[in-house]
Structures are given as C-alpha cells and as structure tokens.
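Report on one structure; see the data block that follows.
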Amino acid sequence: MNTADQYLKTIYVVQKQEDGPASTGSIADSLGVSPASANEMIGKLEERGLAEHEKYKGVQLTDDGIVRARDALQTYCIIERFLANVLAVEEFRDEARELEAVIDDTVAERLDTIIDRQPECPDCFDPETDACACLEIATPVEPEQ
Amino acid sequence: MVAVSVSQRIASDDQLARLLQIGIVLEEVVEARAHHHYQSLDAELDQEIEDLLADAAEESAEHRQRLESLIEGLGVDSVPFDEIESLVDARYGRTQPEDFDGVLYDQLCNEETAYKFYDDLIQAIEESDAEFSLDRTELLDELRAIREDEAEGVSEVTEVMERR
C-alpha cells in the first residue's frame with residue numbers, strides 16, 4: 001500500500017471517529033508523522049481530487065477519495081486477518097501497521113483467498129480497537145491455578 | 001510518486017522473516033491452485049497446460065524451500081507450515097476452474113502477484129538501512145533470482161495465452 005493510500009485510509013477512519021472533517025493534528029497523530037508532513041501529503045491529495053481541505057475545519061475526502069480509502073482499509077483488514085488467523089500473530093495490529101507499506105493490494109487479494117472475510121468489510125473495521133470487529137482471535141488459555 | 005514515507009520500510013529480522021513467511025504462503029497458494037487445476041481438468045488436459053501446471057507447482061515448492069532457508073538464517077522461529085499447507089489445500093479442494101482460459105488466467109495472476117510481492121520486498125530491503133543477520137547481498141541476490149523466475153513465468157503463460 002503506498003503512502004497516499006495510507007493517508008486516505010487514516011483520513012477516512014478519523015472522519016468517521018470525529019463525525020466530520022478530520023483535523024490535520026489527528027491525522028498526523030494516527031500516522032505518527034509531523035503535522036508538516038501530513039499537510040504536505042494532504043496538499044497532494046487535494047491536487048489529485050481525492051480530498052478537500054478547509055482551513056480551521058479540517059480534511060474531507062471526495063467521493064473518489066472515499067472509494068480509494070475503503071479499498072485501502074479493506075487491504076489493511078486482509079493483512080490483519082491474515083496475520084491473526086493464518087500466521088497466528090498475537091501482535092497482529094502492530095505488525096499490520098509495519099507491513100502495510102510493503103503489501104500491495106494485488107498481493108492482499110491473493111491472501112484474501114485463504115481467509116474468511118465478512119461481506120460487510122470494511123464497514124466492520126472498529127477504530128477503537130484498530131481491528132475488524134468480526135475478527136475472531138484465538139485467545140490463549142489461561143493456565144489453571 | 002510520493003515524497004514522504006509513513007512507515008520505516010523493514011527495520012528488523014522479525015519483520016523481514018514475517019515478509020518471507022508471507023512469500024511462502026503465496027507460493028503455497030500457487031502450488032495448491034496448480035495442483036487442483038491439474039486434478040480437476042485431468043481428463044481434458046492437453047500436454048502443454050499439464051506441463052505448465054506441473055512446472056509451476058515444482059517451481060513454487062523450490063521457492064518455498066529457498067525462502068525457508070533464508071528464514072532459518074535469520075534465527076527467527078518459523079510458523080508450522082504443515083498447518084498452513086492443509087489450510088490452503090482445504091480452500092482449493094473446493095474450487096473448480098471453469099475452463100482452460102480460467103486456468104491460464106489464474107496462473108497468470110499467480111505469477112504476476114508473486115512477481116509484484118518480490119519486487120516490493122526487494123525495494124523495501126534496498127530502501128532500508130537496517131542490519132539483518134543475513135548477508136544483505138546474498139539475501140537480495142536470492143530474492144532477485146526468485147523474482148526473475150516469476151517474470152519468466154509471466155512471459156511463459158502470456159505466450160501460451162496469446163497463441164491459443
């Protein structure tokens with residue numbers, strides 16, 4: 001997933017969380033980048049007609065931006081689900097964030113063929129837990145006292 | 001092209017190992033699909049497609065072994081691949097390609113996806129300044145050789161598709 005798609009996905013999720021335009025600060029925080037870097041990329045997204053930025057209000061995705069953001073979120077869900085359910089990775093959220101830049105959507109589509117993703121994806125993505133709400137995670141059995 | 005990079009590309013042995021494991025699973029998928037196409041079309045298969053699928057399965061098995069050797073060199077615990085093999089196999093036991101075109105198209109997607117994966121992985125390693133337990137030159141040489149195989153696979157399937 002390229003950097004632009006990572007931004008689009010983040011703006012989409014922040015917009016949902018804030019129920020309105022996403023502030024540059026929240027976008028920068030979510031991505032762990034400086035507000036200056038975030039502003040630079042938001043400018044590029046605006047030039048490409050994927051987002052609109054209004055001073056003091058924040059960023060809103062255009063219809064084209066939303067389509068791409070949802071695709072990117074879906075790719076992210078595939079990576080999380082694949083790590084959690086196929087490779088049994090406990091820290092799947094952290095690893096998905098680390099790996100998303102290297103996993104292309106065509107590769108994710110192939111990985112998607114061996115996971116059971118729900119038809120409502122990516123609406124099932126829960127920003128609070130940073131994971132798919134339908135994701136069943138095998139919890140380790142507590143040893144008996 | 002984008003100027004800023006959000007995440008550092010590959011920073012540790014663990015991350016590299018995880019990506020190599022994903023490569024192994026992709027190879028496993030190619031092998032399983034080729035095997036099931038081979039079985040389900042058995043009666044109607046012509047020699048050319050039969051050879052193509054057999055070669056694809058053999059090449060994937062070889063790539064898997066090479067990736068496993070790289071992971072061993074990183075000293076990271078590997079995932080039990082017999083479990084993944086049965087999972088992937090179970091998924092493809094249920095699929096039926098519709099016809100020869102479907103088989104060839106699927107094979108083309110397999111090769112293209114694998115090529116894209118190795119290409120991105122190589123680029124990510126090249127852009128990373130992390131020190132890995134493996135010799136960087138040997139690691140990149142091995143991955144570039146595997147990528148080359150995938151590129152040849154794409155040309156081979158494309159050539160068969162264009163001719164038919």
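Chain identifiers are assigned as A, B, and so on, following the order in which chains appear in the structure tokens; residues are numbered from 1 within each chain, and ligands are numbered from 1 in order of appearance.
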
Inset, instruction - Write out as a PyMOL selection string every residue belonging to chain A that has an atom at most 8 Å from any atom of chain B, counting only C-alpha atoms. - result: chain A and resi 3-4+6+31-33+37+41+86-87+95+98-99+101-104+106-107+110-111+113-114

Output of the above residues as a compact mmCIF listing (two decimals), in the first residue's frame, restricted to N, CA and C atoms:
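So the final result, stored in result29.txt, reads:
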```txt
# COMPACT_ATOMS: atom_id res chain seq x y z
N THR A 3 2.00 5.38 0.24
CA THR A 3 1.80 6.36 1.31
C THR A 3 0.48 7.11 1.15
N ALA A 4 0.13 7.45 -0.09
CA ALA A 4 -1.12 8.17 -0.32
C ALA A 4 -2.31 7.35 0.18
N GLN A 6 -2.25 5.07 2.50
CA GLN A 6 -2.21 5.03 3.97
C GLN A 6 -2.88 6.30 4.54
N LEU A 31 -0.95 8.66 12.20
CA LEU A 31 0.10 8.09 11.33
C LEU A 31 1.49 8.16 11.95
N GLY A 32 1.60 8.87 13.06
CA GLY A 32 2.90 9.03 13.70
C GLY A 32 3.86 9.86 12.86
N VAL A 33 3.32 10.90 12.20
CA VAL A 33 4.17 11.78 11.39
C VAL A 33 4.01 13.22 11.91
N SER A 37 4.50 17.13 7.61
CA SER A 37 4.44 16.03 6.63
C SER A 37 2.99 15.76 6.23
N MET A 41 1.24 16.01 2.39
CA MET A 41 0.51 14.94 1.68
C MET A 41 -0.94 15.31 1.43
N VAL A 86 -4.09 -16.77 10.08
CA VAL A 86 -3.29 -17.76 9.34
C VAL A 86 -1.92 -17.93 9.99
N LEU A 87 -1.28 -16.82 10.31
CA LEU A 87 0.06 -16.95 10.92
C LEU A 87 0.02 -16.90 12.45
N GLU A 95 1.92 -5.38 13.78
CA GLU A 95 2.61 -5.92 12.60
C GLU A 95 1.94 -5.47 11.31
N GLU A 98 3.14 -2.18 10.44
CA GLU A 98 4.52 -2.20 9.94
C GLU A 98 4.59 -2.72 8.50
N LEU A 99 3.70 -3.68 8.20
CA LEU A 99 3.81 -4.36 6.91
C LEU A 99 2.98 -3.72 5.80
N ALA A 101 2.90 -1.00 4.30
CA ALA A 101 3.59 -0.26 3.24
C ALA A 101 4.21 -1.20 2.21
N VAL A 102 4.46 -2.45 2.61
CA VAL A 102 5.15 -3.38 1.70
C VAL A 102 4.17 -4.32 0.99
N ILE A 103 2.94 -4.43 1.51
CA ILE A 103 1.98 -5.36 0.90
C ILE A 103 1.08 -4.61 -0.07
N ASP A 104 1.18 -4.98 -1.31
CA ASP A 104 0.40 -4.36 -2.38
C ASP A 104 -1.03 -4.93 -2.38
N THR A 106 -2.72 -6.16 -4.82
CA THR A 106 -2.85 -7.41 -5.59
C THR A 106 -2.38 -8.60 -4.75
N VAL A 107 -1.35 -8.36 -3.93
CA VAL A 107 -0.87 -9.44 -3.05
C VAL A 107 -1.94 -9.72 -1.98
N ARG A 110 -4.68 -11.94 -3.10
CA ARG A 110 -4.32 -13.36 -3.09
C ARG A 110 -4.41 -13.94 -1.68
N LEU A 111 -3.94 -13.15 -0.72
CA LEU A 111 -4.01 -13.61 0.68
C LEU A 111 -5.49 -13.73 1.10
N THR A 113 -7.81 -14.94 -0.47
CA THR A 113 -8.45 -16.20 -0.89
C THR A 113 -8.35 -17.28 0.18
N ILE A 114 -7.52 -17.06 1.20
CA ILE A 114 -7.43 -18.10 2.23
C ILE A 114 -7.90 -17.63 3.61
```

Selection near segment 16-20 of chain A, 12 Å with only C-alpha atoms, sequence-local residues under 5 positions removed, as a tab-separated table (two decimals) with C-alpha atoms, in the first residue's frame:
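Contents of the output file out22.tsv:
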```
chain	number	residue	atom	x	y	z
A	9	LYS	CA	-7.38	5.22	4.93
A	10	THR	CA	-6.43	7.24	8.01
A	11	ILE	CA	-8.46	10.30	6.98
A	26	SER	CA	-5.46	13.86	14.42
A	27	ILE	CA	-4.29	12.59	11.02
A	30	SER	CA	-2.71	8.50	13.84
A	57	LYS	CA	-12.06	22.97	9.76
A	58	GLY	CA	-10.11	20.02	8.50
A	59	VAL	CA	-9.94	17.50	5.70
A	60	GLN	CA	-12.79	15.71	3.97
A	61	LEU	CA	-12.46	13.03	1.36
A	66	ILE	CA	-13.68	7.59	-0.23
A	123	ASP	CA	-17.55	-1.35	7.47
A	125	PHE	CA	-13.47	-2.00	10.99
A	126	ASP	CA	-13.51	-0.67	14.54
A	127	PRO	CA	-11.18	2.33	15.00
A	128	GLU	CA	-11.25	1.92	18.79
A	130	ASP	CA	-7.83	-0.79	15.37
```

Legend entry - Counting only C-alpha atoms, the residue of B:Thr158, B:Ser12, B:Ser40, B:Gln107 that sits nearest Ser133 of chain B: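 Closest residue, counting only C-alpha atoms: B:Ser12.
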
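Taking only C-alpha atoms into account, Leu108 of chain B lies nearest to B:Glu156 out of the set B:Asp46, B:Asp149, B:Glu156, B:Glu131.
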
Legend entry - Between atom CA of Ala17 of chain B and atom CA of Leu143 of chain B - distance in Å to one decimal: 13.1 Å

Inset, instruction - Quick one: everything within 12 Å of Cys77 of chain A, counting only C-alpha atoms, minus sequence neighbours fewer than 4 positions away in the same chain. Send it as a ChimeraX atom specification. - result: /A:9,70-73,81-85,92-93,96-97,100,103,105,108-109,111-112,115-118,120-127,130-135

File dump, residues just selected, C-alpha atoms, as a PDB file, in the first residue's frame:
```
ATOM      1  CA  LYS A   9      -7.379   5.220   4.932  1.00  0.00           C
ATOM      2  CA  ARG A  70     -12.284   1.985   1.534  1.00  0.00           C
ATOM      3  CA  ASP A  71     -10.145  -0.175  -0.771  1.00  0.00           C
ATOM      4  CA  ALA A  72      -7.095   0.649   1.324  1.00  0.00           C
ATOM      5  CA  LEU A  73      -8.952  -0.138   4.553  1.00  0.00           C
ATOM      6  CA  ARG A  81      -6.932 -11.034   9.404  1.00  0.00           C
ATOM      7  CA  PHE A  82      -4.213 -12.962   7.605  1.00  0.00           C
ATOM      8  CA  LEU A  83      -1.666 -12.278  10.357  1.00  0.00           C
ATOM      9  CA  ALA A  84      -4.109 -13.110  13.158  1.00  0.00           C
ATOM     10  CA  ASN A  85      -5.796 -16.178  11.706  1.00  0.00           C
ATOM     11  CA  PHE A  92      -1.228  -8.507  14.557  1.00  0.00           C
ATOM     12  CA  ARG A  93      -2.264  -4.825  14.833  1.00  0.00           C
ATOM     13  CA  ALA A  96      -0.106  -4.952  10.125  1.00  0.00           C
ATOM     14  CA  ARG A  97       0.890  -1.307  10.536  1.00  0.00           C
ATOM     15  CA  GLU A 100       1.064  -2.404   5.147  1.00  0.00           C
ATOM     16  CA  ILE A 103       1.980  -5.362   0.902  1.00  0.00           C
ATOM     17  CA  ASP A 105      -3.353  -4.708  -2.935  1.00  0.00           C
ATOM     18  CA  ALA A 108      -3.557  -8.795  -0.418  1.00  0.00           C
ATOM     19  CA  GLU A 109      -6.196 -10.058  -2.869  1.00  0.00           C
ATOM     20  CA  LEU A 111      -4.014 -13.605   0.679  1.00  0.00           C
ATOM     21  CA  ASP A 112      -7.744 -12.869   0.810  1.00  0.00           C
ATOM     22  CA  ILE A 115      -9.145 -16.039   4.921  1.00  0.00           C
ATOM     23  CA  ASP A 116     -12.828 -15.823   5.761  1.00  0.00           C
ATOM     24  CA  ARG A 117     -13.544 -12.131   5.423  1.00  0.00           C
ATOM     25  CA  GLN A 118     -17.087 -10.918   6.036  1.00  0.00           C
ATOM     26  CA  GLU A 120     -19.583  -6.131   5.244  1.00  0.00           C
ATOM     27  CA  CYS A 121     -15.817  -5.454   5.199  1.00  0.00           C
ATOM     28  CA  PRO A 122     -14.527  -2.718   5.575  1.00  0.00           C
ATOM     29  CA  ASP A 123     -17.550  -1.348   7.470  1.00  0.00           C
ATOM     30  CA  CYS A 124     -16.722  -3.821  10.218  1.00  0.00           C
ATOM     31  CA  PHE A 125     -13.471  -2.003  10.989  1.00  0.00           C
ATOM     32  CA  ASP A 126     -13.511  -0.670  14.538  1.00  0.00           C
ATOM     33  CA  PRO A 127     -11.181   2.329  15.001  1.00  0.00           C
ATOM     34  CA  ASP A 130      -7.830  -0.795  15.370  1.00  0.00           C
ATOM     35  CA  ALA A 131      -9.167  -4.091  14.066  1.00  0.00           C
ATOM     36  CA  CYS A 132     -12.070  -5.757  12.310  1.00  0.00           C
ATOM     37  CA  ALA A 133     -14.964  -6.159  14.740  1.00  0.00           C
ATOM     38  CA  CYS A 134     -15.749  -9.602  13.266  1.00  0.00           C
ATOM     39  CA  LEU A 135     -12.217 -10.856  13.704  1.00  0.00           C
TER      40      LEU A 135
END
```

Inset, instruction - Provide the atom CA of Glu80 of chain A to atom CA of Val67 of chain A distance in Å, to one decimal place. - result: 20.2 Å

Inset, instruction - Please run DSSP on the backbone and report, as a list in words, all residues within chain A that come out as strand (DSSP E or B). - result: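 Of chain A, only Ala22, Ala51, Glu52, His53, Glu54, Gly58, Val59, Gln60, Leu61, Phe125, Asp126, Ala131 and Cys132 of chain A fall in strand (DSSP E or B).
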
Legend entry - Å distance separating atom CA of Gly65 of chain A from atom CA of Asp5 of chain A, one decimal place: 9.3 Å

Inset, instruction - Name the residues of chain B that come out as helix (DSSP H, G or I) in a backbone DSSP run; write them as a ChimeraX atom specification. - result: /B:13-40,47-74,81-92,100-127,136-163
